[in-house]
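Okay, work16.pdb now, which holds PDB, C-alpha atoms:
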ATOM      1  CA  MET A 566     146.183  -1.497  -2.620
ATOM      2  CA  GLY A 567     149.679  -0.803  -3.818
ATOM      3  CA  GLU A 568     151.756  -0.979  -0.641
ATOM      4  CA  LYS A 569     154.003  -3.818  -1.818
ATOM      5  CA  MET A 570     157.078  -2.534  -3.662
ATOM      6  CA  SER A 571     158.813  -5.011  -5.973
ATOM      7  CA  THR A 572     162.227  -5.733  -4.450
ATOM      8  CA  GLY A 573     165.045  -8.227  -4.411
ATOM      9  CA  SER A 574     164.502 -11.662  -5.809
ATOM     10  CA  ASP A 575     161.571 -10.894  -8.098
ATOM     11  CA  LYS A 576     163.661  -8.390 -10.061
ATOM     12  CA  PRO A 577     165.337 -10.086 -13.001
ATOM     13  CA  MET A 578     168.665  -8.427 -13.848
ATOM     14  CA  GLU A 579     169.757  -7.824 -17.430
ATOM     15  CA  ILE A 580     173.367  -8.488 -18.403
ATOM     16  CA  GLU A 581     174.107  -7.469 -21.981
ATOM     17  CA  ARG A 582     176.789  -6.117 -24.314
ATOM     18  CA  LYS A 583     176.108  -3.862 -27.272
ATOM     19  CA  PHE A 584     178.124  -3.183 -30.452
ATOM     20  CA  LEU A 585     177.815  -1.094 -33.606
ATOM     21  CA  VAL A 586     177.559  -3.034 -36.879
ATOM     22  CA  PRO A 587     179.348  -1.307 -39.778
ATOM     23  CA  GLU A 588     178.262  -3.931 -42.306
ATOM     24  CA  LEU A 589     175.439  -6.468 -42.111
ATOM     25  CA  PRO A 590     176.381 -10.165 -42.218
ATOM     26  CA  ALA A 591     176.015 -11.510 -45.771
ATOM     27  CA  ASP A 592     173.614 -14.280 -44.678
ATOM     28  CA  ILE A 593     171.264 -11.986 -42.713
ATOM     29  CA  ALA A 594     168.224 -12.952 -44.798
ATOM     30  CA  SER A 595     168.438 -16.540 -43.537
ATOM     31  CA  TYR A 596     167.644 -15.586 -39.917
ATOM     32  CA  PRO A 597     164.289 -14.748 -38.330
ATOM     33  CA  HIS A 598     163.344 -11.090 -37.889
ATOM     34  CA  LYS A 599     160.554  -8.947 -36.443
ATOM     35  CA  GLU A 600     159.390  -5.377 -36.977
ATOM     36  CA  TYR A 601     159.577  -3.203 -33.834
ATOM     37  CA  VAL A 602     157.852   0.117 -33.111
ATOM     38  CA  GLN A 603     158.653   1.683 -29.750
ATOM     39  CA  GLY A 604     158.478   4.884 -27.750
ATOM     40  CA  TYR A 605     159.437   6.111 -24.284
ATOM     41  CA  LEU A 606     156.866   7.354 -21.790
ATOM     42  CA  ASN A 607     159.786   8.233 -19.516
ATOM     43  CA  ARG A 608     163.581   7.974 -19.577
ATOM     44  CA  ASN A 609     164.712   7.764 -15.939
ATOM     45  CA  PRO A 610     163.537   5.209 -15.088
ATOM     46  CA  VAL A 611     163.015   3.935 -18.636
ATOM     47  CA  ILE A 612     159.346   3.171 -19.335
ATOM     48  CA  ARG A 613     159.041   1.854 -22.884
ATOM     49  CA  VAL A 614     156.019   0.723 -24.900
ATOM     50  CA  ARG A 615     156.716  -1.557 -27.847
ATOM     51  CA  ASN A 616     155.031  -3.435 -30.650
ATOM     52  CA  GLU A 617     157.265  -6.484 -31.188
ATOM     53  CA  GLY A 618     155.866  -7.818 -34.426
ATOM     54  CA  GLY A 619     152.294  -7.878 -33.060
ATOM     55  CA  ASN A 620     153.208  -8.594 -29.415
ATOM     56  CA  TYR A 621     152.605  -5.501 -27.236
ATOM     57  CA  VAL A 622     154.760  -4.915 -24.148
ATOM     58  CA  MET A 623     155.476  -2.186 -21.624
ATOM     59  CA  THR A 624     158.969  -2.413 -20.146
ATOM     60  CA  TYR A 625     160.279  -0.745 -17.000
ATOM     61  CA  LYS A 626     164.063  -0.555 -16.594
ATOM     62  CA  GLY A 627     165.907   0.621 -13.524
ATOM     63  CA  GLN A 628     169.287   2.318 -13.668
ATOM     64  CA  GLY A 629     172.702   0.927 -14.696
ATOM     65  CA  LEU A 630     174.384   0.080 -18.021
ATOM     66  CA  LEU A 631     175.790  -3.472 -18.161
ATOM     67  CA  ALA A 632     173.296  -4.888 -15.629
ATOM     68  CA  ARG A 633     169.931  -3.398 -14.823
ATOM     69  CA  GLU A 634     166.602  -4.429 -13.390
ATOM     70  CA  GLU A 635     163.850  -5.023 -15.957
ATOM     71  CA  HIS A 636     160.130  -5.821 -15.880
ATOM     72  CA  ASN A 637     158.153  -6.722 -19.005
ATOM     73  CA  LEU A 638     154.404  -6.245 -18.705
ATOM     74  CA  ALA A 639     151.821  -7.357 -21.264
ATOM     75  CA  LEU A 640     149.809  -4.762 -23.167
ATOM     76  CA  ASN A 641     147.082  -5.272 -25.745
ATOM     77  CA  GLU A 642     146.855  -3.496 -29.113
ATOM     78  CA  GLU A 643     144.368  -0.902 -27.827
ATOM     79  CA  SER A 644     146.529   0.081 -24.841
ATOM     80  CA  PHE A 645     149.620   0.265 -27.061
ATOM     81  CA  HIS A 646     147.826   2.743 -29.324
ATOM     82  CA  ASN A 647     146.631   4.717 -26.269
ATOM     83  CA  LEU A 648     150.169   4.943 -24.856
ATOM     84  CA  LEU A 649     152.317   5.488 -27.962
ATOM     85  CA  PRO A 650     151.148   9.105 -28.594
ATOM     86  CA  LYS A 651     152.037   9.922 -24.967
ATOM     87  CA  CYS A 652     155.700   9.086 -25.555
ATOM     88  CA  ASP A 653     158.426  11.759 -25.531
ATOM     89  CA  GLY A 654     160.629  12.408 -28.571
ATOM     90  CA  ILE A 655     161.047  10.181 -31.612
ATOM     91  CA  ILE A 656     159.079   6.961 -32.151
ATOM     92  CA  ILE A 657     161.698   4.336 -33.063
ATOM     93  CA  GLU A 658     161.078   1.890 -35.897
ATOM     94  CA  LYS A 659     163.538  -0.891 -36.588
ATOM     95  CA  THR A 660     163.865  -4.432 -37.880
ATOM     96  CA  ARG A 661     165.314  -6.861 -35.332
ATOM     97  CA  HIS A 662     167.203  -9.877 -36.680
ATOM     98  CA  PHE A 663     167.863 -12.880 -34.408
ATOM     99  CA  ILE A 664     171.263 -14.409 -35.197
ATOM    100  CA  PRO A 665     172.849 -17.290 -33.241
ATOM    101  CA  VAL A 666     176.444 -16.506 -32.214
ATOM    102  CA  SER A 667     177.117 -19.641 -30.135
ATOM    103  CA  ASP A 668     175.267 -22.789 -29.039
ATOM    104  CA  SER A 669     173.484 -20.835 -26.311
ATOM    105  CA  LEU A 670     173.641 -17.159 -27.386
ATOM    106  CA  THR A 671     171.493 -15.296 -29.917
ATOM    107  CA  ALA A 672     172.539 -11.831 -31.058
ATOM    108  CA  GLU A 673     169.782  -9.283 -31.677
ATOM    109  CA  LEU A 674     170.755  -7.075 -34.597
ATOM    110  CA  ASP A 675     168.701  -3.890 -34.963
ATOM    111  CA  VAL A 676     168.509  -2.091 -38.321
ATOM    112  CA  PHE A 677     166.934   1.314 -37.679
ATOM    113  CA  LYS A 678     164.581   3.091 -40.078
ATOM    114  CA  GLY A 679     163.501   6.686 -40.545
ATOM    115  CA  GLU A 680     165.213   9.394 -38.533
ATOM    116  CA  LEU A 681     167.703   6.963 -36.941
ATOM    117  CA  ALA A 682     168.825   5.294 -40.200
ATOM    118  CA  PRO A 683     171.464   4.143 -41.078
ATOM    119  CA  LEU A 684     172.201   3.092 -37.494
ATOM    120  CA  GLN A 685     172.843  -0.656 -37.022
ATOM    121  CA  MET A 686     173.476  -2.111 -33.554
ATOM    122  CA  VAL A 687     173.724  -5.591 -32.101
ATOM    123  CA  GLU A 688     173.107  -6.748 -28.518
ATOM    124  CA  VAL A 689     173.885 -10.031 -26.793
ATOM    125  CA  GLU A 690     172.297 -10.971 -23.477
ATOM    126  CA  PHE A 691     174.177 -13.195 -21.019
ATOM    127  CA  GLU A 692     173.328 -15.461 -18.103
ATOM    128  CA  SER A 693     176.176 -14.186 -15.916
ATOM    129  CA  MET A 694     178.815 -11.467 -15.691
ATOM    130  CA  GLU A 695     181.489 -14.147 -16.236
ATOM    131  CA  GLN A 696     179.845 -15.210 -19.509
ATOM    132  CA  ALA A 697     179.551 -11.558 -20.603
ATOM    133  CA  GLU A 698     183.211 -10.843 -19.892
ATOM    134  CA  SER A 699     184.512 -13.973 -21.645
ATOM    135  CA  PHE A 700     182.409 -13.436 -24.791
ATOM    136  CA  THR A 701     184.420 -13.145 -28.032
ATOM    137  CA  PRO A 702     182.537 -10.991 -30.555
ATOM    138  CA  PRO A 703     182.161 -12.351 -34.112
ATOM    139  CA  GLU A 704     184.098 -10.561 -36.883
ATOM    140  CA  TRP A 705     181.090  -8.569 -38.080
ATOM    141  CA  PHE A 706     180.647  -6.871 -34.672
ATOM    142  CA  GLY A 707     182.127  -3.339 -34.693
ATOM    143  CA  LYS A 708     182.908  -0.885 -31.913
ATOM    144  CA  GLU A 709     181.545  -1.833 -28.480
ATOM    145  CA  VAL A 710     179.111   0.761 -27.068
ATOM    146  CA  THR A 711     177.859  -1.061 -23.952
ATOM    147  CA  ASP A 712     179.086   1.740 -21.699
ATOM    148  CA  ASP A 713     177.967   4.628 -23.926
ATOM    149  CA  PRO A 714     174.529   5.902 -22.876
ATOM    150  CA  ASN A 715     174.201   7.748 -26.222
ATOM    151  CA  TYR A 716     173.370   4.378 -27.762
ATOM    152  CA  HIS A 717     170.540   3.569 -25.387
ATOM    153  CA  ASN A 718     167.379   3.492 -27.482
ATOM    154  CA  SER A 719     165.809   5.798 -24.890
ATOM    155  CA  VAL A 720     168.509   8.411 -25.487
ATOM    156  CA  LEU A 721     168.369   7.908 -29.271
ATOM    157  CA  SER A 722     164.628   8.581 -29.141
ATOM    158  CA  GLN A 723     165.335  11.868 -27.366
ATOM    159  CA  LYS A 724     168.358  13.211 -29.260
ATOM    160  CA  GLY A 725     168.393  11.248 -32.511
ATOM    161  CA  MET A 726     171.771  10.177 -33.898
ATOM    162  CA  LYS A 727     174.778  12.345 -33.102
ATOM    163  CA  LYS A 728     176.166  13.536 -36.459
TER
ATOM    164  CA  MET B 393     166.678  -6.950 -24.817
ATOM    165  CA  GLY B 394     163.185  -7.414 -23.490
ATOM    166  CA  GLU B 395     162.353 -10.976 -24.500
ATOM    167  CA  LYS B 396     161.622 -12.185 -20.969
ATOM    168  CA  MET B 397     157.954 -11.782 -20.052
ATOM    169  CA  SER B 398     157.088 -11.732 -16.353
ATOM    170  CA  THR B 399     155.093 -14.878 -15.627
ATOM    171  CA  GLY B 400     154.035 -17.236 -12.907
ATOM    172  CA  SER B 401     155.666 -17.073  -9.521
ATOM    173  CA  ASP B 402     157.033 -13.555  -9.770
ATOM    174  CA  LYS B 403     153.509 -12.143 -10.129
ATOM    175  CA  PRO B 404     152.118 -11.217  -6.740
ATOM    176  CA  MET B 405     148.323 -11.588  -6.658
ATOM    177  CA  GLU B 406     146.102  -9.101  -4.906
ATOM    178  CA  ILE B 407     143.166 -10.345  -2.832
ATOM    179  CA  GLU B 408     141.034  -7.525  -1.490
ATOM    180  CA  ARG B 409     137.500  -6.503  -0.534
ATOM    181  CA  LYS B 410     136.098  -2.998  -0.893
ATOM    182  CA  PHE B 411     133.188  -1.237   0.868
ATOM    183  CA  LEU B 412     131.522   2.157   0.847
ATOM    184  CA  VAL B 413     131.759   4.167   4.086
ATOM    185  CA  PRO B 414     128.607   6.200   4.804
ATOM    186  CA  GLU B 415     130.063   7.763   7.946
ATOM    187  CA  LEU B 416     133.703   8.073   9.043
ATOM    188  CA  PRO B 417     134.720   6.339  12.276
ATOM    189  CA  ALA B 418     134.671   8.842  15.169
ATOM    190  CA  ASP B 419     138.308   8.159  16.100
ATOM    191  CA  ILE B 420     139.669   8.582  12.557
ATOM    192  CA  ALA B 421     142.055  11.381  13.582
ATOM    193  CA  SER B 422     143.999   8.966  15.797
ATOM    194  CA  TYR B 423     145.212   6.841  12.840
ATOM    195  CA  PRO B 424     148.020   7.552  10.366
ATOM    196  CA  HIS B 425     147.138   9.010   6.980
ATOM    197  CA  LYS B 426     148.790  10.041   3.711
ATOM    198  CA  GLU B 427     147.825  12.351   0.863
ATOM    199  CA  TYR B 428     147.514  10.577  -2.501
ATOM    200  CA  VAL B 429     147.498  12.085  -6.009
ATOM    201  CA  GLN B 430     147.032   9.604  -8.849
ATOM    202  CA  GLY B 431     146.174   9.275 -12.500
ATOM    203  CA  TYR B 432     145.781   6.517 -15.078
ATOM    204  CA  LEU B 433     148.000   6.265 -18.143
ATOM    205  CA  ASN B 434     145.804   3.349 -19.232
ATOM    206  CA  ARG B 435     142.788   1.438 -17.925
ATOM    207  CA  ASN B 436     143.010  -2.069 -19.402
ATOM    208  CA  PRO B 437     145.475  -3.095 -18.174
ATOM    209  CA  VAL B 438     145.515  -0.496 -15.385
ATOM    210  CA  ILE B 439     148.709   1.570 -15.455
ATOM    211  CA  ARG B 440     148.592   4.058 -12.585
ATOM    212  CA  VAL B 441     151.068   6.723 -11.461
ATOM    213  CA  ARG B 442     150.761   7.882  -7.868
ATOM    214  CA  ASN B 443     152.282  10.233  -5.336
ATOM    215  CA  GLU B 444     151.782   8.448  -2.000
ATOM    216  CA  GLY B 445     152.683  11.201   0.414
ATOM    217  CA  GLY B 446     156.026  11.871  -1.292
ATOM    218  CA  ASN B 447     156.660   8.279  -2.450
ATOM    219  CA  TYR B 448     156.264   7.991  -6.238
ATOM    220  CA  VAL B 449     155.097   4.690  -7.757
ATOM    221  CA  MET B 450     153.874   3.339 -11.077
ATOM    222  CA  THR B 451     151.536   0.374 -10.711
ATOM    223  CA  TYR B 452     150.540  -2.156 -13.357
ATOM    224  CA  LYS B 453     147.456  -4.271 -12.651
ATOM    225  CA  GLY B 454     146.252  -7.179 -14.717
ATOM    226  CA  GLN B 455     142.608  -8.134 -15.016
ATOM    227  CA  GLY B 456     140.181  -9.503 -12.399
ATOM    228  CA  LEU B 457     138.270  -8.002  -9.463
ATOM    229  CA  LEU B 458     138.799  -9.883  -6.182
ATOM    230  CA  ALA B 459     142.266 -11.173  -7.153
ATOM    231  CA  ARG B 460     144.554  -9.609  -9.723
ATOM    232  CA  GLU B 461     148.217  -9.469 -10.609
ATOM    233  CA  GLU B 462     150.013  -6.295  -9.523
ATOM    234  CA  HIS B 463     153.480  -4.811  -9.998
ATOM    235  CA  ASN B 464     154.659  -1.694  -8.160
ATOM    236  CA  LEU B 465     157.598   0.082  -9.765
ATOM    237  CA  ALA B 466     159.531   2.973  -8.225
ATOM    238  CA  LEU B 467     159.368   6.415  -9.817
ATOM    239  CA  ASN B 468     161.121   9.616  -8.797
ATOM    240  CA  GLU B 469     159.464  13.020  -8.431
ATOM    241  CA  GLU B 470     160.607  14.188 -11.885
ATOM    242  CA  SER B 471     159.209  11.137 -13.665
ATOM    243  CA  PHE B 472     155.934  11.423 -11.742
ATOM    244  CA  HIS B 473     155.532  14.993 -12.983
ATOM    245  CA  ASN B 474     156.422  13.896 -16.529
ATOM    246  CA  LEU B 475     153.812  11.117 -16.482
ATOM    247  CA  LEU B 476     150.885  12.708 -14.614
ATOM    248  CA  PRO B 477     149.897  15.100 -17.457
ATOM    249  CA  LYS B 478     149.796  12.093 -19.822
ATOM    250  CA  CYS B 479     147.029  10.458 -17.800
ATOM    251  CA  ASP B 480     143.484  10.071 -19.149
ATOM    252  CA  GLY B 481     140.470  11.616 -17.403
ATOM    253  CA  ILE B 482     140.348  12.985 -13.866
ATOM    254  CA  ILE B 483     143.402  13.218 -11.588
ATOM    255  CA  ILE B 484     142.277  11.676  -8.288
ATOM    256  CA  GLU B 485     143.172  13.332  -4.985
ATOM    257  CA  LYS B 486     142.316  11.634  -1.719
ATOM    258  CA  THR B 487     143.426  11.191   1.863
ATOM    259  CA  ARG B 488     144.149   7.570   2.801
ATOM    260  CA  HIS B 489     143.704   6.596   6.461
ATOM    261  CA  PHE B 490     145.305   3.380   7.774
ATOM    262  CA  ILE B 491     143.012   1.762  10.377
ATOM    263  CA  PRO B 492     143.674  -1.621  12.027
ATOM    264  CA  VAL B 493     140.621  -3.897  11.855
ATOM    265  CA  SER B 494     142.196  -7.029  13.385
ATOM    266  CA  ASP B 495     145.567  -8.136  14.751
ATOM    267  CA  SER B 496     146.860  -8.702  11.233
ATOM    268  CA  LEU B 497     144.631  -6.582   8.960
ATOM    269  CA  THR B 498     144.761  -2.845   8.252
ATOM    270  CA  ALA B 499     141.884  -1.175   6.441
ATOM    271  CA  GLU B 500     142.729   1.602   3.985
ATOM    272  CA  LEU B 501     139.998   4.236   4.104
ATOM    273  CA  ASP B 502     140.013   6.707   1.213
ATOM    274  CA  VAL B 503     138.323  10.111   1.566
ATOM    275  CA  PHE B 504     138.116  11.627  -1.904
ATOM    276  CA  LYS B 505     138.505  15.334  -2.673
ATOM    277  CA  GLY B 506     137.477  17.555  -5.571
ATOM    278  CA  GLU B 507     135.321  16.105  -8.321
ATOM    279  CA  LEU B 508     134.927  12.743  -6.569
ATOM    280  CA  ALA B 509     133.907  14.142  -3.137
ATOM    281  CA  PRO B 510     132.054  13.120  -1.005
ATOM    282  CA  LEU B 511     132.974   9.527  -1.923
ATOM    283  CA  GLN B 512     134.417   7.458   0.949
ATOM    284  CA  MET B 513     135.616   3.895   0.387
ATOM    285  CA  VAL B 514     137.541   1.341   2.418
ATOM    286  CA  GLU B 515     139.644  -1.596   1.206
ATOM    287  CA  VAL B 516     141.101  -4.550   3.083
ATOM    288  CA  GLU B 517     143.813  -6.730   1.563
ATOM    289  CA  PHE B 518     144.068 -10.397   2.523
ATOM    290  CA  GLU B 519     146.714 -13.120   2.484
ATOM    291  CA  SER B 520     144.360 -15.781   1.114
ATOM    292  CA  MET B 521     140.915 -16.264  -0.399
ATOM    293  CA  GLU B 522     139.874 -18.130   2.781
ATOM    294  CA  GLN B 523     140.819 -15.121   4.917
ATOM    295  CA  ALA B 524     138.953 -12.771   2.542
ATOM    296  CA  GLU B 525     135.798 -14.889   2.629
ATOM    297  CA  SER B 526     135.768 -15.280   6.417
ATOM    298  CA  PHE B 527     136.329 -11.558   7.107
ATOM    299  CA  THR B 528     133.599  -9.879   9.202
ATOM    300  CA  PRO B 529     133.382  -6.180   8.334
ATOM    301  CA  PRO B 530     133.339  -3.681  11.239
ATOM    302  CA  GLU B 531     130.071  -1.795  11.891
ATOM    303  CA  TRP B 532     131.230   1.344  10.110
ATOM    304  CA  PHE B 533     131.738  -0.507   6.798
ATOM    305  CA  GLY B 534     128.764   0.085   4.432
ATOM    306  CA  LYS B 535     127.724  -1.606   1.202
ATOM    307  CA  GLU B 536     130.288  -3.978  -0.304
ATOM    308  CA  VAL B 537     131.418  -2.949  -3.806
ATOM    309  CA  THR B 538     134.239  -5.475  -4.404
ATOM    310  CA  ASP B 539     132.510  -6.823  -7.504
ATOM    311  CA  ASP B 540     131.369  -3.453  -8.882
ATOM    312  CA  PRO B 541     133.877  -2.142 -11.430
ATOM    313  CA  ASN B 542     132.284   1.336 -11.165
ATOM    314  CA  TYR B 543     134.170   1.737  -7.894
ATOM    315  CA  HIS B 544     137.588   0.974  -9.353
ATOM    316  CA  ASN B 545     139.612   4.155  -9.042
ATOM    317  CA  SER B 546     140.517   3.728 -12.706
ATOM    318  CA  VAL B 547     136.839   3.826 -13.691
ATOM    319  CA  LEU B 548     136.115   6.695 -11.284
ATOM    320  CA  SER B 549     138.899   8.678 -12.933
ATOM    321  CA  GLN B 550     137.235   8.123 -16.290
ATOM    322  CA  LYS B 551     133.554   8.633 -15.498
ATOM    323  CA  GLY B 552     133.542  10.464 -12.178
ATOM    324  CA  MET B 553     130.876   9.469  -9.624
ATOM    325  CA  LYS B 554     127.595   8.117 -10.933
ATOM    326  CA  LYS B 555     124.908  10.507  -9.664
TER
END
As structure tokens, the full file:
Amino acid sequence: MGEKMSTGSDKPMEIERKFLVPELPADIASYPHKEYVQGYLNRNPVIRVRNEGGNYVMTYKGQGLLAREEHNLALNEESFHNLLPKCDGIIIEKTRHFIPVSDSLTAELDVFKGELAPLQMVEVEFESMEQAESFTPPEWFGKEVTDDPNYHNSVLSQKGMKK
Amino acid sequence: MGEKMSTGSDKPMEIERKFLVPELPADIASYPHKEYVQGYLNRNPVIRVRNEGGNYVMTYKGQGLLAREEHNLALNEESFHNLLPKCDGIIIEKTRHFIPVSDSLTAELDVFKGELAPLQMVEVEFESMEQAESFTPPEWFGKEVTDDPNYHNSVLSQKGMKK
């Protein structure tokens, strides 16, 4: 019936930091990875459809950069293929590598293909703002771009890489 | 980062019953109503975008008839107009009337326009399965269609009314 609006406590918040990666870590092949294909049905709010290595998900993201509301909703393969052609702009293809950077934190390193190559970016998600602020990036992390909306995948899919 | 999938307790379940309405209640003009415009980006799972009298919402519904998972996510006017042309099939336009049928229950009576006229359907949403099963429909409720997927708005938008 659709009169209940999701609010408050059922909205998980995302807290993450994002960095460019000038050079891949030498041992990258030893970590797990998945192939991602994703597009954006809408940018504000972000509505993304994604194939995460055979797992199909639609994600809704509210506004904000360091912390924003996020819902992940299951799709099946058929619905993914119905929705992907409806996306605006570029379809993003990338390999995501999962690399532990502490006992409790796993960095997600994205190596983009096609129109967005040779972009390489890494994200780390945190449990709290305190943990995010006290995080010391490993040596192979480059410039931090957490606060730069040009490095949102949704914006990259619209504008491509700034030259 | 998108690795968290919504599960379990943060999934509100919908429990509702749905009936045809052969004749509108005589006092219908005395109850509040809103104009709805809605389309379906996808049908399985249902992903609906709707203008509810100037309130813009995207709704995701999992599977099931009497009880199914539902998430309502806020849109703005611009995103609604970006998404509506991406919908499959018919765009549904209807007037929804809100009519109390007990101290705690409000029936939502939909009077369809355009291609789906003269369809009239009423839904009641319940707090529990026990409440749904013990509900006594008012006289003006017609045939129950809760278990008939042909009366899902998503199916109506695809096939129109069966003649």
Care to translate the PyMOL selection byres ((chain B and resi 409) around 8) into actual residues of this file, as a tab-separated table (two decimals) with C-alpha atoms, keeping the file's coordinate frame?
chain	number	residue	atom	x	y	z
B	407	ILE	CA	143.17	-10.34	-2.83
B	408	GLU	CA	141.03	-7.52	-1.49
B	410	LYS	CA	136.10	-3.00	-0.89
B	411	PHE	CA	133.19	-1.24	0.87
B	458	LEU	CA	138.80	-9.88	-6.18
B	515	GLU	CA	139.64	-1.60	1.21
B	516	VAL	CA	141.10	-4.55	3.08
B	517	GLU	CA	143.81	-6.73	1.56
B	524	ALA	CA	138.95	-12.77	2.54
B	536	GLU	CA	130.29	-3.98	-0.30
B	537	VAL	CA	131.42	-2.95	-3.81
B	538	THR	CA	134.24	-5.48	-4.40
Skipping near chain neighbours, those fewer than 3 positions away, what residues fall within 9 Å of Lys724 (chain A) using only C-alpha atoms, listed as a ChimeraX atom specification? /A:654-655,715,719-721,727
Any chance you could resolve the PyMOL selection byres ((chain A and resi 608-622) around 7) against this file and give the residues as a compact mmCIF listing (two decimals) with C-alpha atoms, keeping the file's coordinate frame?
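Result went into expr20.txt, see below:
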# COMPACT_ATOMS: atom_id res chain seq x y z
CA LYS A 599 160.55 -8.95 -36.44
CA GLU A 600 159.39 -5.38 -36.98
CA TYR A 601 159.58 -3.20 -33.83
CA VAL A 602 157.85 0.12 -33.11
CA GLN A 603 158.65 1.68 -29.75
CA GLY A 604 158.48 4.88 -27.75
CA TYR A 605 159.44 6.11 -24.28
CA LEU A 606 156.87 7.35 -21.79
CA ASN A 607 159.79 8.23 -19.52
CA MET A 623 155.48 -2.19 -21.62
CA THR A 624 158.97 -2.41 -20.15
CA TYR A 625 160.28 -0.74 -17.00
CA LYS A 626 164.06 -0.56 -16.59
CA GLY A 627 165.91 0.62 -13.52
CA GLN A 628 169.29 2.32 -13.67
CA ASN A 637 158.15 -6.72 -19.00
CA LEU A 638 154.40 -6.24 -18.70
CA ALA A 639 151.82 -7.36 -21.26
CA LEU A 640 149.81 -4.76 -23.17
CA ASN A 641 147.08 -5.27 -25.74
CA GLU A 642 146.85 -3.50 -29.11
CA PHE A 645 149.62 0.26 -27.06
CA LEU A 649 152.32 5.49 -27.96
CA SER A 719 165.81 5.80 -24.89
CA LEU B 467 159.37 6.42 -9.82
CA SER B 471 159.21 11.14 -13.66
Computed interatomic separation between CA of Thr528 (chain B) and CA of Leu508 (chain B) (Å):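 If I compute the distance from CA of Thr528 (chain B) to CA of Leu508 (chain B), I get 27.6 Å.
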CA of Gly679 (chain A) and CA of Glu579 (chain A) are how many Å apart? 28.0 Å
Minimum-distance residue to Arg488 (chain B), chosen among B:Val503, B:Leu475, B:Ala421, B:Met513 (using all atoms listed in the file):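 The closest residue to Arg488 (chain B) is B:Val503.
In this model, the gap between CA of Leu589 (chain A) and CA of Leu674 (chain A) comes to 8.9 Å.
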Counting all atoms listed in the file, figure out which residue out of B:Met521, B:Leu412, B:Ile491, B:Cys479 gets nearest to His544 (chain B). B:Leu412
Around all listed atoms of region 666-680 of chain A, padded 6 Å per side, what centre and edge lengths does the axis-aligned box have in Å to one decimal, as AutoDock Vina command-line options?
--center_x 170.3 --center_y -6.7 --center_z -33.4 --size_x 25.6 --size_y 44.2 --size_z 26.2
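Of the residues listed (B:Pro424, B:Pro510, B:Pro477, B:Pro414), B:Pro477 shows the shortest atom-to-atom separation from chain A; distances use all atoms listed in the file.
Nearest to chain B of all the residues A:His598, A:His646, A:Lys678, A:Lys659 is A:His646, counting only C-alpha atoms.
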Residue by residue, what does the PyMOL selection byres ((chain B and resi 415) around 9) grab here? Present the result as number ranges by chain. B: 413-414, 416-418, 512, 532-534
Restricted to C-alpha atoms, what would the selected residues look like written as an mmCIF file, in the coordinates of the input?
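Now in result_14.cif:
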data_model
loop_
_atom_site.group_PDB
_atom_site.id
_atom_site.type_symbol
_atom_site.label_atom_id
_atom_site.label_comp_id
_atom_site.auth_asym_id
_atom_site.auth_seq_id
_atom_site.Cartn_x
_atom_site.Cartn_y
_atom_site.Cartn_z
ATOM 1 C CA VAL B 413 131.759 4.167 4.086
ATOM 2 C CA PRO B 414 128.607 6.200 4.804
ATOM 3 C CA LEU B 416 133.703 8.073 9.043
ATOM 4 C CA PRO B 417 134.720 6.339 12.276
ATOM 5 C CA ALA B 418 134.671 8.842 15.169
ATOM 6 C CA GLN B 512 134.417 7.458 0.949
ATOM 7 C CA TRP B 532 131.230 1.344 10.110
ATOM 8 C CA PHE B 533 131.738 -0.507 6.798
ATOM 9 C CA GLY B 534 128.764 0.085 4.432
#
